[in-house]
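Colleague: Provided below: coords_12.cif, containing mmCIF, C-alpha atoms.
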data_data
#
loop_
_atom_site.label_atom_id
_atom_site.label_comp_id
_atom_site.auth_asym_id
_atom_site.auth_seq_id
_atom_site.Cartn_x
_atom_site.Cartn_y
_atom_site.Cartn_z
CA MET A 124 -43.65 224.72 186.08
CA SER A 125 -43.81 224.44 182.29
CA GLU A 126 -42.64 221.35 180.45
CA THR A 127 -40.10 223.46 178.56
CA ASN A 128 -38.40 224.61 181.74
CA PRO A 129 -38.33 221.72 184.23
CA ARG A 130 -35.94 221.74 187.19
CA LEU A 131 -34.46 218.78 189.03
CA LEU A 132 -32.45 218.61 192.24
CA VAL A 133 -29.82 215.96 192.91
CA VAL A 134 -28.65 215.31 196.47
CA SER A 135 -25.08 214.31 195.80
CA PRO A 136 -22.81 211.83 197.55
CA ALA A 137 -20.11 213.16 199.87
CA TRP A 138 -17.02 211.30 198.62
CA VAL A 139 -14.96 212.76 195.75
CA GLY A 140 -14.98 209.54 193.74
CA ASP A 141 -18.73 209.09 194.09
CA MET A 142 -19.26 212.70 193.04
CA VAL A 143 -17.23 212.12 189.87
CA MET A 144 -19.21 208.97 189.06
CA ALA A 145 -22.45 210.89 189.57
CA GLN A 146 -21.66 212.92 186.45
CA THR A 147 -22.77 209.90 184.44
CA LEU A 148 -26.25 210.39 185.89
CA TYR A 149 -26.23 214.07 184.97
CA LYS A 150 -25.24 213.19 181.40
CA LEU A 151 -28.09 210.71 181.21
CA LEU A 152 -30.61 213.22 182.53
CA LYS A 153 -29.52 215.82 179.96
CA GLN A 154 -29.76 213.27 177.15
CA ARG A 155 -33.30 212.35 178.15
CA ARG A 156 -34.50 215.93 178.74
CA PRO A 157 -32.11 218.49 177.24
CA LEU A 158 -34.09 221.51 178.49
CA MET A 159 -34.14 220.38 182.10
CA ALA A 160 -32.08 222.40 184.57
CA ILE A 161 -30.06 220.21 186.95
CA ASP A 162 -29.03 221.61 190.32
CA VAL A 163 -26.77 219.65 192.67
CA LEU A 164 -26.79 219.89 196.46
CA ALA A 165 -23.23 219.15 197.59
CA PRO A 166 -20.96 219.46 200.63
CA PRO A 167 -18.18 222.09 200.57
CA ALA A 168 -15.43 219.49 200.09
CA THR A 169 -16.77 218.38 196.71
CA LEU A 170 -18.76 221.42 195.59
CA ALA A 171 -15.99 222.65 193.28
CA LEU A 172 -16.10 219.41 191.30
CA VAL A 173 -19.61 220.23 190.15
CA THR A 174 -18.35 223.40 188.45
CA ARG A 175 -16.40 221.19 186.04
CA MET A 176 -19.54 219.31 184.97
CA PRO A 177 -21.20 221.25 182.12
CA GLU A 178 -24.44 219.31 182.55
CA VAL A 179 -25.06 220.95 185.94
CA ASP A 180 -26.70 224.38 186.03
CA GLN A 181 -26.12 225.24 189.67
CA ALA A 182 -23.95 223.86 192.47
CA ILE A 183 -25.63 224.51 195.83
CA GLU A 184 -23.56 224.26 199.00
CA PHE A 185 -24.96 222.07 201.76
CA ASN A 186 -22.71 222.29 204.78
CA VAL A 187 -23.79 219.63 207.28
CA GLY A 188 -21.27 217.68 209.33
CA HIS A 189 -21.02 213.95 208.71
CA GLY A 190 -23.69 212.11 210.68
CA GLN A 191 -25.13 215.32 212.16
CA LEU A 192 -28.83 216.18 212.01
CA GLN A 193 -28.60 220.01 212.20
CA TRP A 194 -32.37 220.20 211.87
CA ASP A 195 -32.64 224.00 211.75
CA TYR A 196 -30.04 224.21 208.97
CA ARG A 197 -31.86 221.56 206.94
CA LYS A 198 -35.18 223.37 207.34
CA ALA A 199 -33.62 226.67 206.27
CA SER A 200 -32.05 225.01 203.22
CA ALA A 201 -35.39 223.46 202.29
CA ARG A 202 -37.13 226.85 202.51
CA ARG A 203 -34.63 228.34 200.07
CA LEU A 204 -34.97 225.42 197.66
CA LYS A 205 -38.77 225.34 197.75
CA SER A 206 -39.04 228.53 195.70
CA ALA A 207 -37.09 226.95 192.81
CA GLY A 208 -40.09 224.80 191.90
CA TYR A 209 -38.27 221.51 191.44
CA GLU A 210 -40.43 218.78 189.94
CA GLN A 211 -38.16 215.96 191.12
CA ALA A 212 -35.31 215.26 193.51
CA ILE A 213 -32.95 212.32 193.09
CA VAL A 214 -31.31 211.35 196.38
CA LEU A 215 -28.08 209.44 195.72
CA PRO A 216 -26.95 208.69 199.31
CA ASN A 217 -28.86 205.98 201.17
CA SER A 218 -29.01 207.68 204.56
CA LEU A 219 -32.31 208.81 206.05
CA LYS A 220 -30.94 212.30 206.74
CA SER A 221 -30.00 212.84 203.08
CA ALA A 222 -33.69 212.58 202.11
CA LEU A 223 -34.92 215.19 204.60
CA VAL A 224 -34.32 218.37 202.60
CA PRO A 225 -36.25 217.31 199.45
CA TRP A 226 -39.13 216.22 201.70
CA LEU A 227 -39.08 219.45 203.70
CA ALA A 228 -38.95 221.42 200.42
CA ASP A 229 -42.16 219.70 199.23
CA ILE A 230 -40.55 218.49 196.01
CA PRO A 231 -43.36 216.35 194.56
CA LEU A 232 -41.32 213.42 193.20
CA ARG A 233 -38.49 212.18 195.43
CA THR A 234 -36.51 209.30 193.93
CA GLY A 235 -34.03 207.08 195.72
CA PHE A 236 -33.28 203.60 196.99
CA ARG A 237 -35.01 202.47 200.17
CA GLY A 238 -31.76 202.85 202.10
CA GLU A 239 -32.42 203.48 205.77
CA TYR A 240 -36.15 202.71 205.49
CA ARG A 241 -37.01 206.17 204.20
CA PHE A 242 -40.74 205.54 203.79
CA GLY A 243 -42.57 208.82 203.21
CA LEU A 244 -39.39 210.80 202.69
CA ILE A 245 -38.82 208.96 199.39
CA ASN A 246 -42.05 208.50 197.41
CA ASP A 247 -40.44 207.03 194.27
CA MET A 248 -38.70 204.26 196.20
CA ARG A 249 -36.49 201.72 194.47
CA LEU A 250 -35.36 198.37 195.88
CA LEU A 251 -31.67 197.76 195.28
CA ASP A 252 -30.93 194.59 193.32
CA LYS A 253 -27.18 194.24 193.80
CA LYS A 254 -26.90 191.46 191.22
CA ARG A 255 -28.57 193.55 188.52
CA LEU A 256 -26.76 196.71 189.62
CA PRO A 257 -23.33 195.52 190.81
CA ARG A 258 -21.44 198.81 190.46
CA MET A 259 -22.01 202.12 192.18
CA ILE A 260 -22.35 203.81 188.80
CA ASP A 261 -25.07 201.35 187.73
CA ARG A 262 -27.05 202.30 190.83
CA PHE A 263 -26.71 206.01 190.19
CA VAL A 264 -27.97 205.88 186.60
CA ALA A 265 -30.82 203.51 187.51
CA LEU A 266 -32.33 206.37 189.51
CA GLY A 267 -32.43 208.51 186.37
CA VAL A 268 -34.99 206.35 184.55
CA PRO A 269 -38.46 205.03 185.45
CA VAL A 270 -38.52 202.03 187.75
CA ASN A 271 -39.23 199.39 185.08
CA ALA A 272 -37.16 200.93 182.29
CA PRO A 273 -34.17 199.06 180.82
CA GLN A 274 -30.84 199.92 182.38
CA PRO A 275 -29.37 202.79 180.32
CA GLN A 276 -25.96 202.71 178.68
CA ILE A 277 -23.15 204.04 180.85
CA VAL A 278 -21.51 207.23 179.56
CA TYR A 279 -18.19 207.90 181.25
CA PRO A 280 -17.60 211.09 183.27
CA GLU A 281 -15.70 213.89 181.53
CA LEU A 282 -14.56 216.73 183.75
CA SER A 283 -13.78 220.05 182.07
CA VAL A 284 -10.15 221.20 182.19
CA ASP A 285 -9.13 224.86 182.50
CA VAL A 286 -6.08 225.12 180.25
CA ALA A 287 -5.36 228.71 181.34
CA ASN A 288 -5.16 227.64 184.98
CA GLN A 289 -3.06 224.66 183.90
CA ALA A 290 -0.48 226.96 182.30
CA GLN A 291 -0.43 229.24 185.36
CA LEU A 292 0.10 226.27 187.66
CA ARG A 293 2.99 224.94 185.60
CA ALA A 294 4.72 228.31 185.82
CA LYS A 295 3.92 228.83 189.51
CA LEU A 296 5.02 225.35 190.61
CA GLY A 297 7.97 225.06 188.22
CA LEU A 298 6.55 222.10 186.33
CA GLN A 299 8.28 222.79 183.04
CA GLN A 300 10.70 219.86 183.01
CA PRO A 301 10.86 217.75 179.85
CA GLY A 302 9.98 214.07 179.75
CA ASN A 303 6.88 211.97 180.15
CA ILE A 304 5.16 212.23 183.50
CA LEU A 305 4.08 209.57 185.99
CA GLY A 306 1.49 210.86 188.44
CA LEU A 307 1.24 209.21 191.86
CA CYS A 308 -1.89 209.44 194.02
CA PRO A 309 -0.86 207.54 197.18
CA GLY A 310 -3.63 208.75 199.48
CA ALA A 311 -7.08 207.34 200.18
CA GLU A 312 -9.35 209.23 202.54
CA PHE A 313 -11.46 206.15 203.30
CA GLY A 314 -8.74 204.41 205.29
CA ASP A 315 -5.39 202.64 205.49
CA ALA A 316 -6.74 199.40 204.01
CA LYS A 317 -6.89 201.15 200.63
CA ARG A 318 -3.34 202.58 200.73
CA TRP A 319 -0.52 200.80 198.94
CA PRO A 320 2.73 201.09 200.98
CA ALA A 321 4.88 204.18 200.44
CA GLU A 322 7.94 202.03 199.75
CA HIS A 323 6.10 200.33 196.88
CA TYR A 324 5.22 203.70 195.38
CA ALA A 325 8.84 204.78 195.76
CA ARG A 326 10.07 201.71 193.92
CA VAL A 327 7.74 202.42 190.99
CA ALA A 328 8.91 206.04 190.99
CA GLU A 329 12.51 204.83 190.72
CA MET A 330 11.58 202.58 187.78
CA ALA A 331 9.96 205.53 186.01
CA ILE A 332 12.84 207.92 186.68
CA LYS A 333 15.38 205.43 185.34
CA GLN A 334 13.38 205.42 182.11
CA GLY A 335 13.50 209.21 181.85
CA MET A 336 10.11 210.07 183.35
CA GLN A 337 9.22 212.87 185.73
CA VAL A 338 7.19 211.90 188.81
CA TRP A 339 4.54 214.16 190.32
CA ILE A 340 2.83 213.27 193.61
CA PHE A 341 -0.75 214.51 194.04
CA GLY A 342 -2.86 214.78 197.17
CA GLY A 343 -4.18 217.01 199.90
CA PRO A 344 -2.58 218.09 203.19
CA GLY A 345 -3.47 214.73 204.72
CA ASP A 346 -1.29 212.97 202.15
CA GLN A 347 1.89 214.92 202.85
CA ALA A 348 3.32 212.36 205.26
CA ILE A 349 3.15 209.47 202.79
CA ALA A 350 4.45 211.76 200.03
CA ARG A 351 7.50 212.58 202.18
CA GLN A 352 8.11 208.88 202.72
CA ILE A 353 8.11 208.38 198.96
CA THR A 354 10.41 211.32 198.19
CA ASP A 355 12.80 210.38 201.01
CA ALA A 356 13.09 206.86 199.64
CA VAL A 357 13.91 208.20 196.17
CA ALA A 358 16.22 210.98 197.40
CA GLY A 359 19.40 208.96 196.95
CA HIS A 360 18.67 208.37 193.28
CA SER A 361 17.21 211.16 191.15
CA ALA A 362 15.31 213.35 193.59
CA GLY A 363 15.29 216.25 191.13
CA GLN A 364 12.90 214.34 188.91
CA ILE A 365 10.23 213.84 191.59
CA ARG A 366 7.91 216.65 192.67
CA ASP A 367 5.73 216.57 195.77
CA LEU A 368 2.58 218.59 195.04
CA THR A 369 0.57 217.39 198.05
CA GLY A 370 -1.07 220.26 199.90
CA LYS A 371 -0.02 222.75 197.20
CA THR A 372 -3.00 222.40 194.89
CA SER A 373 -6.77 222.65 195.16
CA LEU A 374 -9.10 219.98 193.86
CA LEU A 375 -9.66 222.06 190.72
CA ASP A 376 -5.90 222.45 190.28
CA VAL A 377 -5.52 218.68 190.36
CA ILE A 378 -8.18 218.36 187.66
CA ASP A 379 -6.12 220.70 185.50
CA LEU A 380 -2.71 219.10 186.15
CA LEU A 381 -3.57 215.41 185.90
CA PRO A 382 -4.16 215.53 182.10
CA LEU A 383 -0.46 216.35 181.70
CA CYS A 384 0.43 212.93 183.09
CA HIS A 385 1.14 210.09 180.67
CA LEU A 386 0.23 207.54 183.37
CA VAL A 387 -1.35 207.87 186.81
CA LEU A 388 -0.76 205.26 189.52
CA SER A 389 -3.33 205.42 192.28
CA ASN A 390 -5.11 203.67 195.09
CA ASP A 391 -8.87 203.29 194.82
CA SER A 392 -9.52 206.94 195.67
CA GLY A 393 -11.24 210.10 194.56
CA LEU A 394 -8.17 211.22 192.61
CA MET A 395 -8.25 207.91 190.73
CA HIS A 396 -11.74 208.76 189.51
CA ILE A 397 -10.64 212.29 188.59
CA ALA A 398 -7.68 210.93 186.60
CA ALA A 399 -10.01 208.67 184.65
CA ALA A 400 -12.48 211.51 184.07
CA VAL A 401 -9.82 213.75 182.48
CA GLY A 402 -8.63 211.01 180.15
CA CYS A 403 -5.45 209.80 181.87
CA PRO A 404 -4.25 206.23 181.40
CA THR A 405 -4.63 204.92 184.93
CA ALA A 406 -3.15 202.03 186.91
CA VAL A 407 -5.10 201.29 190.09
CA VAL A 408 -4.05 199.21 193.08
CA TYR A 409 -6.97 197.64 194.97
CA GLY A 410 -6.75 196.36 198.53
CA SER A 411 -9.86 196.25 200.71
CA THR A 412 -12.13 197.33 197.86
CA SER A 413 -12.97 195.84 194.48
CA PRO A 414 -12.69 196.97 190.85
CA ALA A 415 -16.02 195.22 190.31
CA PHE A 416 -17.75 197.85 192.49
CA THR A 417 -15.91 201.14 191.94
CA PRO A 418 -13.77 200.81 188.79
CA PRO A 419 -12.25 203.86 187.14
CA LEU A 420 -14.66 204.74 184.35
CA THR A 421 -12.28 204.73 181.41
CA ASP A 422 -11.09 202.33 178.74
CA LYS A 423 -7.47 203.27 179.51
CA VAL A 424 -7.12 201.40 182.78
CA HIS A 425 -4.95 198.73 184.36
CA THR A 426 -6.25 197.26 187.63
CA LEU A 427 -4.11 195.28 190.07
CA SER A 428 -5.37 193.26 193.01
CA GLN A 429 -4.49 190.16 195.01
CA PRO A 430 -6.94 187.21 194.86
CA LEU A 431 -6.93 186.53 198.60
CA PRO A 432 -9.79 184.80 200.48
CA CYS A 433 -10.14 187.83 202.77
CA SER A 434 -10.29 190.41 199.97
CA PRO A 435 -12.26 192.51 199.30
CA CYS A 436 -13.38 193.17 202.87
CA PHE A 437 -14.44 196.81 202.34
CA LYS A 438 -12.99 197.76 205.74
CA ARG A 439 -11.17 201.00 206.57
CA THR A 440 -8.37 199.10 208.33
CA CYS A 441 -7.28 195.51 207.84
CA PRO A 442 -9.30 193.36 210.30
CA LEU A 443 -6.54 190.71 210.23
CA GLY A 444 -3.73 193.19 210.84
CA HIS A 445 -1.50 192.15 207.92
CA LYS A 446 -2.80 194.06 204.88
CA ASN A 447 -1.48 191.31 202.61
CA CYS A 448 -3.84 192.35 199.84
CA LEU A 449 -1.62 195.41 199.37
CA ASN A 450 1.74 194.44 200.87
CA GLN A 451 2.03 191.36 198.67
CA LEU A 452 1.16 193.28 195.52
CA LEU A 453 4.72 194.09 194.46
CA PRO A 454 6.03 197.09 192.50
CA GLU A 455 7.62 194.80 189.92
CA GLN A 456 4.13 193.87 188.76
CA LEU A 457 3.89 197.40 187.36
CA SER A 458 7.19 197.44 185.48
CA THR A 459 5.70 196.53 182.10
CA ILE A 460 2.89 199.06 182.50
CA VAL A 461 5.31 201.88 183.38
CA SER A 462 7.52 201.01 180.41
CA GLN A 463 4.55 201.44 178.05
CA TYR A 464 4.26 205.11 178.99
CA ALA A 465 7.92 206.06 179.59
#
Output the file's structure in the form of structure tokens.

Modeller:
Amino acid sequence: MSETNPRLLVVSPAWVGDMVMAQTLYKLLKQRRPLMAIDVLAPPATLALVTRMPEVDQAIEFNVGHGQLQWDYRKASARRLKSAGYEQAIVLPNSLKSALVPWLADIPLRTGFRGEYRFGLINDMRLLDKKRLPRMIDRFVALGVPVNAPQPQIVYPELSVDVANQAQLRAKLGLQQPGNILGLCPGAEFGDAKRWPAEHYARVAEMAIKQGMQVWIFGGPGDQAIARQITDAVAGHSAGQIRDLTGKTSLLDVIDLLPLCHLVLSNDSGLMHIAAAVGCPTAVVYGSTSPAFTPPLTDKVHTLSQPLPCSPCFKRTCPLGHKNCLNQLLPEQLSTIVSQYA
């Protein structure tokens, strides 16, 4: 492999938000070695995201079920990758299984944190100093430089937007109404302890509508129930100004529609990271997680959280059964923020 044509493989994280944050690493790698080709090994659920990252040369599907070994599939994937002649693999997840394919593919330099004691699988092993690297994004970019190098400057993710698809979606979905737009992202795949109550979202939607805004609700099929709760709660007011788009758009469609929003209100979720990465002003409600660990990577952000002794717990469901970190964070706390963008 010549120095003018190096290739690097990144084993990506599985979550949408983590995948968006990983773009900062790809930007860093391209800055350091502009001629290097970067390929990303990604699960089907997030593979499309990689196509909106111009730093990445090839998105390679890796379809392994969560927690499953699927040894034969991993060996077959490694055989296909071996011929690419990668000089390095960067393994972003900390699981032992995530390091198997680069090892099986005989990639000479395999970089990652120790994680699940991956001795031998990772031969450029880093020890995680959580105080020095408090955020997920800090940990990702640290793997892109030599072990003793200074921590590089963070460059925010910037997902590409397809304006032609954006126009087609507006026509197809009837999104031509006038007025500023409030986007709502009420889902969170991780668990209920990250989801602000539907009635709180509905109250903010009512505030926005009274100030002349349109409200668009984003999410996948799994978010349709909470979206219906929101629209039902607003139905007696100005239901014509609220649009439920959950389950009607792909992940790429959401990337193209979110830039039309003047403000996005979200839980700590993958769509929150997408909104930030397409330049939307973003208000984020934190419950079981912390803005100190996974903040939206943008300067146009408002974060809201409750300073409770039990928060952040980083649990999928509230271990105390009350979810006060979210229930006690009231819609009225967002009134000033909404007014700024109405």

Colleague: Considering only C-alpha atoms, can you say which of A:Ile260, A:Val214, A:Trp194, A:His445 comes closest to Asn246 in chain A?

Modeller: A:Val214

Colleague: What's around Thr372 in chain A at 9 Å? Count only C-alpha atoms, leave out sequence neighbours fewer than 6 positions away in its own chain, and write the answer as a ChimeraX atom specification.

Modeller: /A:292,341-343

Colleague: Go through the shown structure with the PyMOL selection byres ((chain A and resi 377) around 9) and write out the matching residues as a ChimeraX atom specification.

Modeller: /A:341-342,372-376,378-382,394,397-398

Colleague: Just to be explicit: take each residue in the selection above, keep C-alpha atoms, and write the result as a compact mmCIF listing (two decimals), in the frame of the given file.

Modeller:
# COMPACT_ATOMS: atom_id res chain seq x y z
CA PHE A 341 -0.75 214.51 194.04
CA GLY A 342 -2.86 214.78 197.17
CA THR A 372 -3.00 222.40 194.89
CA SER A 373 -6.77 222.65 195.16
CA LEU A 374 -9.10 219.98 193.86
CA LEU A 375 -9.66 222.06 190.72
CA ASP A 376 -5.90 222.45 190.28
CA ILE A 378 -8.18 218.36 187.66
CA ASP A 379 -6.12 220.70 185.50
CA LEU A 380 -2.71 219.10 186.15
CA LEU A 381 -3.57 215.41 185.90
CA PRO A 382 -4.16 215.53 182.10
CA LEU A 394 -8.17 211.22 192.61
CA ILE A 397 -10.64 212.29 188.59
CA ALA A 398 -7.68 210.93 186.60

Colleague: Suppose a student applies the PyMOL selection byres ((chain A and resi 170-186) around 9) to this structure; what residues should they get, written as a ChimeraX atom specification?

Modeller: /A:139,142-143,146,149-150,152-153,160-169,187-188,196-197,200,280-285,374-375,378

Colleague: Need the shell around Gln364 in chain A: protein/DNA/RNA residues with any atom at most 8 Å away, counting all atoms listed in the file. Skip same-chain ones fewer than 5 positions apart. Format as a PDB file with C-alpha atoms, in the coordinates of the input?

Modeller:
ATOM      1  CA  ILE A 332      12.840 207.920 186.680  1.00  0.00           C
ATOM      2  CA  MET A 336      10.110 210.070 183.350  1.00  0.00           C
ATOM      3  CA  GLN A 337       9.220 212.870 185.730  1.00  0.00           C
ATOM      4  CA  VAL A 338       7.190 211.900 188.810  1.00  0.00           C
TER       5      VAL A 338
END

Colleague: Mind completing range 231-257 of chain A with N, CA and C atoms? Output as a short mmCIF file (atom, residue, chain, number, x, y, z; two decimals), keeping the file's coordinate frame, please?

Modeller:
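After the write, part.cif holds the following:
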data_model
loop_
_atom_site.label_atom_id
_atom_site.label_comp_id
_atom_site.auth_asym_id
_atom_site.auth_seq_id
_atom_site.Cartn_x
_atom_site.Cartn_y
_atom_site.Cartn_z
N PRO A 231 -42.30 217.36 194.70
CA PRO A 231 -43.36 216.35 194.56
C PRO A 231 -42.88 214.92 194.29
N LEU A 232 -41.82 214.76 193.50
CA LEU A 232 -41.32 213.42 193.20
C LEU A 232 -39.92 213.29 193.79
N ARG A 233 -39.76 212.34 194.72
CA ARG A 233 -38.49 212.18 195.43
C ARG A 233 -38.00 210.74 195.23
N THR A 234 -36.97 210.61 194.41
CA THR A 234 -36.51 209.30 193.93
C THR A 234 -35.26 208.87 194.68
N GLY A 235 -35.22 207.61 195.08
CA GLY A 235 -34.03 207.08 195.72
C GLY A 235 -34.24 205.62 196.09
N PHE A 236 -33.16 204.96 196.48
CA PHE A 236 -33.28 203.60 196.99
C PHE A 236 -33.85 203.65 198.42
N ARG A 237 -34.39 202.51 198.84
CA ARG A 237 -35.01 202.47 200.17
C ARG A 237 -34.02 202.88 201.25
N GLY A 238 -32.78 202.44 201.14
CA GLY A 238 -31.76 202.85 202.10
C GLY A 238 -32.18 202.57 203.52
N GLU A 239 -32.09 203.60 204.35
CA GLU A 239 -32.42 203.48 205.77
C GLU A 239 -33.94 203.61 205.99
N TYR A 240 -34.69 202.78 205.30
CA TYR A 240 -36.15 202.71 205.49
C TYR A 240 -36.79 204.11 205.45
N ARG A 241 -36.61 204.76 204.31
CA ARG A 241 -37.01 206.17 204.20
C ARG A 241 -38.45 206.32 203.69
N PHE A 242 -39.34 205.50 204.21
CA PHE A 242 -40.74 205.54 203.79
C PHE A 242 -41.33 206.92 204.08
N GLY A 243 -42.00 207.49 203.08
CA GLY A 243 -42.57 208.82 203.21
C GLY A 243 -41.62 209.89 202.73
N LEU A 244 -40.37 209.82 203.17
CA LEU A 244 -39.39 210.80 202.69
C LEU A 244 -39.11 210.59 201.20
N ILE A 245 -38.98 209.33 200.80
CA ILE A 245 -38.82 208.96 199.39
C ILE A 245 -40.17 208.40 198.92
N ASN A 246 -40.76 209.01 197.90
CA ASN A 246 -42.05 208.50 197.41
C ASN A 246 -41.94 207.82 196.04
N ASP A 247 -40.75 207.84 195.46
CA ASP A 247 -40.44 207.03 194.27
C ASP A 247 -39.32 206.08 194.70
N MET A 248 -39.69 205.10 195.52
CA MET A 248 -38.70 204.26 196.20
C MET A 248 -38.32 203.06 195.34
N ARG A 249 -37.00 202.85 195.24
CA ARG A 249 -36.49 201.72 194.47
C ARG A 249 -35.85 200.71 195.43
N LEU A 250 -36.03 199.43 195.13
CA LEU A 250 -35.36 198.37 195.88
C LEU A 250 -34.08 198.03 195.16
N LEU A 251 -32.98 197.98 195.88
CA LEU A 251 -31.67 197.76 195.28
C LEU A 251 -31.45 196.28 195.01
N ASP A 252 -31.30 195.94 193.74
CA ASP A 252 -30.93 194.59 193.32
C ASP A 252 -29.44 194.60 193.01
N LYS A 253 -28.62 194.14 193.95
CA LYS A 253 -27.18 194.24 193.80
C LYS A 253 -26.64 193.36 192.68
N LYS A 254 -27.35 192.30 192.33
CA LYS A 254 -26.90 191.46 191.22
C LYS A 254 -27.14 192.16 189.88
N ARG A 255 -28.26 192.84 189.77
CA ARG A 255 -28.57 193.55 188.52
C ARG A 255 -27.78 194.85 188.42
N LEU A 256 -27.48 195.44 189.57
CA LEU A 256 -26.76 196.71 189.62
C LEU A 256 -25.51 196.53 190.48
N PRO A 257 -24.48 195.86 189.97
CA PRO A 257 -23.33 195.52 190.81
C PRO A 257 -22.42 196.70 191.14
#
